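Q: What follows is final_27.csv, made up of CSV, C-alpha atoms:
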```csv
chain,number,residue,atom,x,y,z
N,1,MET,CA,-13.7,-9.0,6.9
N,2,LYS,CA,-14.7,-9.2,3.2
N,3,THR,CA,-18.1,-8.2,1.9
N,4,ALA,CA,-19.5,-7.7,-1.6
N,5,PRO,CA,-19.0,-4.2,-3.1
N,6,SER,CA,-22.1,-2.1,-3.3
N,7,GLU,CA,-23.5,-0.7,-6.5
N,8,ALA,CA,-21.7,2.6,-5.9
N,9,ASP,CA,-18.5,0.7,-5.1
N,10,GLN,CA,-18.8,-1.2,-8.4
N,11,GLY,CA,-18.8,2.1,-10.3
N,12,PHE,CA,-15.6,3.4,-8.6
N,13,LEU,CA,-14.0,0.0,-8.9
N,14,ALA,CA,-14.8,0.1,-12.7
N,15,ARG,CA,-12.9,3.4,-12.8
N,16,ALA,CA,-9.8,1.9,-11.2
N,17,ILE,CA,-10.0,-1.0,-13.6
N,18,ASP,CA,-10.3,1.4,-16.6
N,19,LEU,CA,-7.2,3.1,-15.3
N,20,SER,CA,-5.4,-0.2,-15.3
N,21,ARG,CA,-6.5,-0.9,-18.9
N,22,HIS,CA,-5.4,2.6,-20.0
N,23,ALA,CA,-2.0,2.2,-18.3
N,24,LEU,CA,-1.5,-1.0,-20.2
N,25,GLU,CA,-2.8,-0.1,-23.6
N,26,ASN,CA,-2.0,3.6,-23.9
N,27,GLU,CA,1.1,4.1,-21.6
N,28,GLY,CA,2.9,0.8,-21.9
N,29,LYS,CA,2.8,0.3,-18.1
N,30,THR,CA,1.9,-2.7,-16.0
N,31,PRO,CA,-1.9,-3.1,-15.7
N,32,PHE,CA,-2.7,-1.6,-12.3
N,33,GLY,CA,-4.9,1.3,-11.4
N,34,ALA,CA,-6.1,2.8,-8.1
N,35,ILE,CA,-8.2,5.7,-6.9
N,36,VAL,CA,-8.7,7.3,-3.4
N,37,MET,CA,-12.3,8.4,-2.7
N,38,ILE,CA,-13.2,10.8,0.1
N,39,GLY,CA,-16.7,11.9,0.8
N,40,GLY,CA,-17.9,10.4,-2.5
N,41,ASP,CA,-15.4,12.3,-4.6
N,42,ILE,CA,-12.3,11.0,-6.3
N,43,VAL,CA,-9.4,12.9,-4.7
N,44,SER,CA,-6.6,11.0,-6.5
N,45,GLU,CA,-5.7,8.4,-9.0
N,46,GLY,CA,-2.6,6.3,-9.6
N,47,THR,CA,-1.2,3.8,-12.0
N,48,SER,CA,1.9,1.7,-11.7
N,49,SER,CA,4.9,3.9,-12.4
N,50,VAL,CA,7.6,1.5,-11.3
N,51,VAL,CA,9.5,1.3,-14.5
N,52,GLU,CA,9.0,4.9,-15.7
N,53,LEU,CA,10.2,6.4,-12.3
N,54,ALA,CA,12.8,3.6,-11.6
N,55,ASP,CA,11.1,3.3,-8.2
N,56,PRO,CA,10.1,-0.1,-6.9
N,57,THR,CA,7.6,1.5,-4.6
N,58,ALA,CA,5.7,3.4,-7.3
N,59,HIS,CA,2.8,1.0,-7.4
N,60,ALA,CA,-0.7,2.2,-8.4
N,61,GLU,CA,-2.0,2.3,-4.8
N,62,VAL,CA,1.1,4.1,-3.5
N,63,MET,CA,0.9,6.6,-6.3
N,64,ALA,CA,-2.8,7.2,-5.5
N,65,LEU,CA,-1.9,7.7,-1.8
N,66,ARG,CA,0.9,10.1,-2.7
N,67,ASN,CA,-1.4,12.1,-5.0
N,68,ALA,CA,-4.1,12.2,-2.3
N,69,GLY,CA,-1.6,13.5,0.2
N,70,LYS,CA,-0.4,16.2,-2.2
N,71,SER,CA,-4.0,17.2,-3.1
N,72,LEU,CA,-5.3,17.3,0.5
N,73,GLY,CA,-2.2,18.3,2.3
N,74,ARG,CA,-2.4,15.4,4.8
N,75,HIS,CA,-1.2,11.8,5.1
N,76,LEU,CA,-4.0,10.2,6.9
N,77,PHE,CA,-7.3,9.3,5.2
N,78,GLU,CA,-9.5,7.8,7.9
N,79,ASP,CA,-12.4,9.1,5.8
N,80,GLY,CA,-11.4,7.5,2.6
N,81,VAL,CA,-11.8,4.4,0.5
N,82,MET,CA,-9.1,2.9,-1.8
N,83,TYR,CA,-10.4,1.3,-5.0
N,84,ALA,CA,-7.8,-0.9,-6.8
N,85,SER,CA,-7.9,-2.9,-9.9
N,86,SER,CA,-6.2,-5.8,-8.1
N,87,GLU,CA,-5.7,-6.9,-4.6
N,88,PRO,CA,-2.9,-4.9,-3.2
N,89,CYS,CA,0.6,-6.4,-2.8
N,90,PRO,CA,1.9,-6.6,0.8
N,91,MET,CA,3.6,-3.2,0.5
N,92,CYS,CA,0.5,-1.4,-0.9
N,93,LEU,CA,-1.7,-3.1,1.7
N,94,VAL,CA,0.5,-1.8,4.5
N,95,ALA,CA,0.6,1.6,2.9
N,96,CYS,CA,-3.2,1.6,3.1
N,97,TYR,CA,-2.9,0.7,6.8
N,98,TRP,CA,-0.4,3.5,7.4
N,99,ALA,CA,-2.8,5.9,5.7
N,100,ARG,CA,-5.4,4.6,8.1
N,101,LEU,CA,-7.8,3.9,5.3
N,102,PRO,CA,-10.8,2.1,6.8
N,103,ARG,CA,-11.6,0.2,3.6
N,104,ILE,CA,-10.3,-1.1,0.3
N,105,VAL,CA,-12.2,-2.5,-2.6
N,106,PHE,CA,-10.4,-4.4,-5.3
N,107,GLY,CA,-11.1,-6.4,-8.5
N,108,ALA,CA,-8.6,-9.2,-9.3
N,109,THR,CA,-7.3,-11.3,-6.5
N,110,SER,CA,-3.7,-12.0,-5.6
N,111,HIS,CA,-4.2,-15.4,-7.1
N,112,ASP,CA,-5.2,-13.8,-10.4
N,113,VAL,CA,-2.2,-11.5,-10.2
N,114,ALA,CA,0.1,-14.5,-9.5
N,115,MET,CA,-1.4,-16.5,-12.4
N,116,ASN,CA,-0.3,-13.6,-14.7
N,117,GLY,CA,3.3,-13.5,-13.5
N,118,PHE,CA,3.4,-11.1,-10.6
N,119,GLU,CA,5.0,-12.1,-7.2
N,120,ASP,CA,2.5,-10.8,-4.7
N,121,LEU,CA,1.6,-14.2,-3.3
N,122,GLN,CA,5.2,-15.2,-3.0
N,123,LEU,CA,5.8,-12.0,-1.0
N,124,TYR,CA,2.9,-12.6,1.3
N,125,ARG,CA,4.4,-16.1,2.0
N,126,GLN,CA,7.8,-14.6,2.7
N,127,LEU,CA,6.4,-12.2,5.3
N,128,ALA,CA,4.6,-15.1,7.0
N,129,TYR,CA,7.9,-16.9,7.6
N,130,PRO,CA,10.0,-16.1,10.7
N,131,ALA,CA,12.9,-13.9,9.7
N,132,GLU,CA,15.5,-16.7,9.7
N,133,ARG,CA,13.5,-18.5,6.9
N,134,ARG,CA,13.0,-15.6,4.6
N,135,SER,CA,14.9,-15.4,1.3
N,136,MET,CA,16.4,-11.9,2.2
N,137,ARG,CA,18.9,-11.9,5.0
N,138,GLU,CA,18.1,-9.5,7.8
N,139,ASP,CA,20.9,-8.4,10.1
N,140,VAL,CA,20.1,-6.6,13.2
N,141,ALA,CA,22.6,-4.4,15.1
N,142,THR,CA,23.5,-5.0,18.7
N,143,GLY,CA,25.3,-3.0,21.3
N,144,HIS,CA,26.2,0.6,20.7
N,145,LEU,CA,24.6,1.0,17.3
N,146,SER,CA,21.3,-0.5,18.5
N,147,GLU,CA,21.3,1.8,21.5
N,148,LYS,CA,22.2,4.8,19.3
N,149,ALA,CA,19.3,4.1,16.9
N,150,SER,CA,16.9,3.5,19.8
N,151,ASP,CA,18.0,6.8,21.4
N,152,VAL,CA,16.9,8.7,18.3
N,153,LEU,CA,13.5,7.2,18.6
N,154,ARG,CA,13.2,8.0,22.3
N,155,SER,CA,14.2,11.6,21.5
N,156,TRP,CA,11.4,11.9,19.0
N,157,ALA,CA,8.9,10.4,21.4
N,158,ALA,CA,10.0,12.7,24.2
N,159,SER,CA,9.4,15.7,21.9
N,160,LEU,CA,5.8,15.0,21.3
N,161,PRO,CA,3.1,17.0,23.2
N,162,GLU,CA,1.4,13.8,24.5
N,163,PRO,CA,3.0,10.7,26.0
N,164,VAL,CA,3.6,7.9,23.5
N,165,VAL,CA,1.5,4.8,23.9
N,166,PRO,CA,3.5,1.7,23.0
N,167,LYS,CA,2.0,-0.3,20.1
N,168,LEU,CA,3.2,-3.8,21.0
```
Mind converting the file's structure to structure tokens?
A:
Amino acid sequence: MKTAPSEADQGFLARAIDLSRHALENEGKTPFGAIVMIGGDIVSEGTSSVVELADPTAHAEVMALRNAGKSLGRHLFEDGVMYASSEPCPMCLVACYWARLPRIVFGATSHDVAMNGFEDLQLYRQLAYPAERRSMREDVATGHLSEKASDVLRSWAASLPEPVVPKL
């Protein structure tokens, strides 16, 4: 569900946008910035560090999540909000879900990002296709290797203090 950002949200979003401008103009990075807020406080910031770190996952939102994890000593942020200069790409959006953020507020849309040469919309489309129609081939193991991989997962689940609830 999408709603308009509050006045307070607008201030935090402005900070994320300022980070994107700083990354572009002062650091020669791509123009993306993000912050994680918890309890009204900025607990971390991130800018795109893909080229500098030679890491295709080092997007601004991911860097903000990594920094929040280091700062807080945890990986779940059910009490947080992500503010991002642009609508997150599929990877960053899923990272926000993995972090259990209940909310994200962003400035530019994926359409704006696409109009300026970034592939986010194309990636969203790829993920909507069934596996056999995607541009990247996906090969799944069968037989012994599939069973071996599944056995590792079952071992992990069996080691937990509470029974695992399937998430199908």
Q: Given the point (-11.5, -8.0, -9.8) in the file's coordinates, find the residues that have an atom at most 9 Å from it, counting all atoms listed in the file, and give them as a list in words.
A: Leu13, Ile17, Ala84, Ser85, Ser86, Glu87, Phe106, Gly107, Ala108, Thr109 and Asp112 of chain N
Q: Neighbouring residues of Val43 of chain N were defined as those with any atom within 10 Å, considering only C-alpha atoms; residues of the same chain fewer than 6 positions away were excluded. Please report them as a list in words.
A: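 Once the adjacent positions are removed, what remains is Ile35, Val36, Met37, Ala64, Leu65, Asn67, Ala68, Gly69, Lys70, Ser71, Leu72 and Gly80 of chain N.
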Q: Considering all atoms listed in the file, can you say which of N:Ser159, N:Cys89, N:Glu27, N:Ile38 comes closest to Val51 of chain N?
A: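 Using all atoms listed in the file, the shortest distance to Val51 of chain N belongs to N:Glu27.
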Q: List every protein, DNA or RNA residue with an atom no more than 12 Å from (-12.3, -1.9, 4.2) in the file's coordinates, counting only C-alpha atoms, and format the result as a list in words.
A: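 Checked against the point, the hits come out as Met1, Lys2, Thr3, Ala4, Pro5, Asp9, Glu78, Asp79, Gly80, Val81, Met82, Tyr83, Ala84, Leu93, Cys96, Tyr97, Arg100, Leu101, Pro102, Arg103, Ile104, Val105 and Phe106 of chain N.
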Q: Nearest residue to Arg125 of chain N out of N:Trp98, N:His75, N:Pro90, N:Asp139, using only C-alpha atoms?
A: N:Pro90
Q: Identify which of the residues N:Pro130, N:Gly40, N:Pro56, N:Pro161 lies closest to Cys92 of chain N, counting only C-alpha atoms when measuring atom-to-atom distances.
A: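 Of all the options, N:Pro56 lies closest to Cys92 of chain N.
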Q: So, with all atoms listed in the file as the atoms that count, which of N:Ser48, N:Ser146, N:Thr30, N:Thr57 lies closest to Gly117 of chain N?
A: N:Thr30
Q: Given all atoms listed in the file as the basis, pick out the residue of N:Ser110, N:Ser150, N:Thr47, N:Thr142 nearest to Leu123 of chain N.
A: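 Looking at the shortest contact to Leu123 of chain N, the residue is N:Ser110.
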Q: Missing atoms in segment 85-96 of chain N: fill them in up to all heavy atoms and send the result as an mmCIF file, keeping the file's coordinate frame.
A:
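Once everything was written out, this is rebuild.cif:
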```cif
data_model
loop_
_atom_site.group_PDB
_atom_site.id
_atom_site.type_symbol
_atom_site.label_atom_id
_atom_site.label_comp_id
_atom_site.auth_asym_id
_atom_site.auth_seq_id
_atom_site.Cartn_x
_atom_site.Cartn_y
_atom_site.Cartn_z
ATOM 1 N N SER N 85 -7.559 -1.915 -8.921
ATOM 2 C CA SER N 85 -7.900 -2.900 -9.900
ATOM 3 C C SER N 85 -7.593 -4.312 -9.496
ATOM 4 O O SER N 85 -8.261 -5.253 -9.912
ATOM 5 C CB SER N 85 -7.167 -2.574 -11.255
ATOM 6 O OG SER N 85 -5.763 -2.576 -11.063
ATOM 7 N N SER N 86 -6.588 -4.457 -8.630
ATOM 8 C CA SER N 86 -6.200 -5.800 -8.100
ATOM 9 C C SER N 86 -5.967 -5.708 -6.625
ATOM 10 O O SER N 86 -5.688 -4.639 -6.081
ATOM 11 C CB SER N 86 -4.914 -6.253 -8.798
ATOM 12 O OG SER N 86 -5.092 -6.401 -10.186
ATOM 13 N N GLU N 87 -6.034 -6.860 -5.997
ATOM 14 C CA GLU N 87 -5.700 -6.900 -4.600
ATOM 15 C C GLU N 87 -4.329 -6.407 -4.331
ATOM 16 O O GLU N 87 -3.391 -6.773 -5.042
ATOM 17 C CB GLU N 87 -5.817 -8.406 -4.125
ATOM 18 C CG GLU N 87 -5.653 -8.627 -2.659
ATOM 19 C CD GLU N 87 -5.921 -10.067 -2.250
ATOM 20 O OE1 GLU N 87 -6.260 -10.916 -3.114
ATOM 21 O OE2 GLU N 87 -5.798 -10.341 -1.043
ATOM 22 N N PRO N 88 -4.164 -5.519 -3.380
ATOM 23 C CA PRO N 88 -2.900 -4.900 -3.200
ATOM 24 C C PRO N 88 -1.785 -5.921 -2.761
ATOM 25 O O PRO N 88 -2.063 -6.890 -2.052
ATOM 26 C CB PRO N 88 -3.096 -3.928 -2.017
ATOM 27 C CG PRO N 88 -4.552 -3.677 -2.028
ATOM 28 C CD PRO N 88 -5.177 -4.955 -2.498
ATOM 29 N N CYS N 89 -0.572 -5.663 -3.222
ATOM 30 C CA CYS N 89 0.600 -6.400 -2.800
ATOM 31 C C CYS N 89 0.812 -6.110 -1.294
ATOM 32 O O CYS N 89 0.212 -5.169 -0.758
ATOM 33 C CB CYS N 89 1.802 -6.100 -3.617
ATOM 34 S SG CYS N 89 2.528 -4.480 -3.240
ATOM 35 N N PRO N 90 1.679 -6.839 -0.615
ATOM 36 C CA PRO N 90 1.900 -6.600 0.800
ATOM 37 C C PRO N 90 2.321 -5.104 1.074
ATOM 38 O O PRO N 90 1.831 -4.489 2.026
ATOM 39 C CB PRO N 90 3.033 -7.526 1.187
ATOM 40 C CG PRO N 90 2.884 -8.665 0.235
ATOM 41 C CD PRO N 90 2.412 -8.041 -1.050
ATOM 42 N N MET N 91 3.191 -4.540 0.249
ATOM 43 C CA MET N 91 3.600 -3.200 0.500
ATOM 44 C C MET N 91 2.456 -2.190 0.360
ATOM 45 O O MET N 91 2.293 -1.306 1.209
ATOM 46 C CB MET N 91 4.708 -2.775 -0.564
ATOM 47 C CG MET N 91 5.142 -1.321 -0.474
ATOM 48 S SD MET N 91 6.252 -0.822 -1.807
ATOM 49 C CE MET N 91 5.164 -0.889 -3.232
ATOM 50 N N CYS N 92 1.639 -2.359 -0.664
ATOM 51 C CA CYS N 92 0.500 -1.400 -0.900
ATOM 52 C C CYS N 92 -0.544 -1.605 0.208
ATOM 53 O O CYS N 92 -1.129 -0.617 0.658
ATOM 54 C CB CYS N 92 -0.087 -1.668 -2.255
ATOM 55 S SG CYS N 92 1.031 -1.166 -3.584
ATOM 56 N N LEU N 93 -0.770 -2.836 0.633
ATOM 57 C CA LEU N 93 -1.700 -3.100 1.700
ATOM 58 C C LEU N 93 -1.272 -2.365 2.977
ATOM 59 O O LEU N 93 -2.054 -1.675 3.644
ATOM 60 C CB LEU N 93 -1.927 -4.560 1.949
ATOM 61 C CG LEU N 93 -2.940 -4.915 3.029
ATOM 62 C CD1 LEU N 93 -4.327 -4.407 2.668
ATOM 63 C CD2 LEU N 93 -2.959 -6.417 3.248
ATOM 64 N N VAL N 94 0.013 -2.509 3.301
ATOM 65 C CA VAL N 94 0.500 -1.800 4.500
ATOM 66 C C VAL N 94 0.491 -0.329 4.342
ATOM 67 O O VAL N 94 0.168 0.388 5.296
ATOM 68 C CB VAL N 94 1.954 -2.360 4.832
ATOM 69 C CG1 VAL N 94 2.601 -1.525 5.924
ATOM 70 C CG2 VAL N 94 1.888 -3.827 5.260
ATOM 71 N N ALA N 95 0.738 0.185 3.149
ATOM 72 C CA ALA N 95 0.600 1.600 2.900
ATOM 73 C C ALA N 95 -0.801 2.105 3.202
ATOM 74 O O ALA N 95 -0.999 3.178 3.784
ATOM 75 C CB ALA N 95 1.045 1.992 1.494
ATOM 76 N N CYS N 96 -1.787 1.301 2.826
ATOM 77 C CA CYS N 96 -3.200 1.600 3.100
ATOM 78 C C CYS N 96 -3.437 1.658 4.619
ATOM 79 O O CYS N 96 -4.155 2.530 5.128
ATOM 80 C CB CYS N 96 -4.130 0.687 2.406
ATOM 81 S SG CYS N 96 -4.164 0.898 0.606
#
```
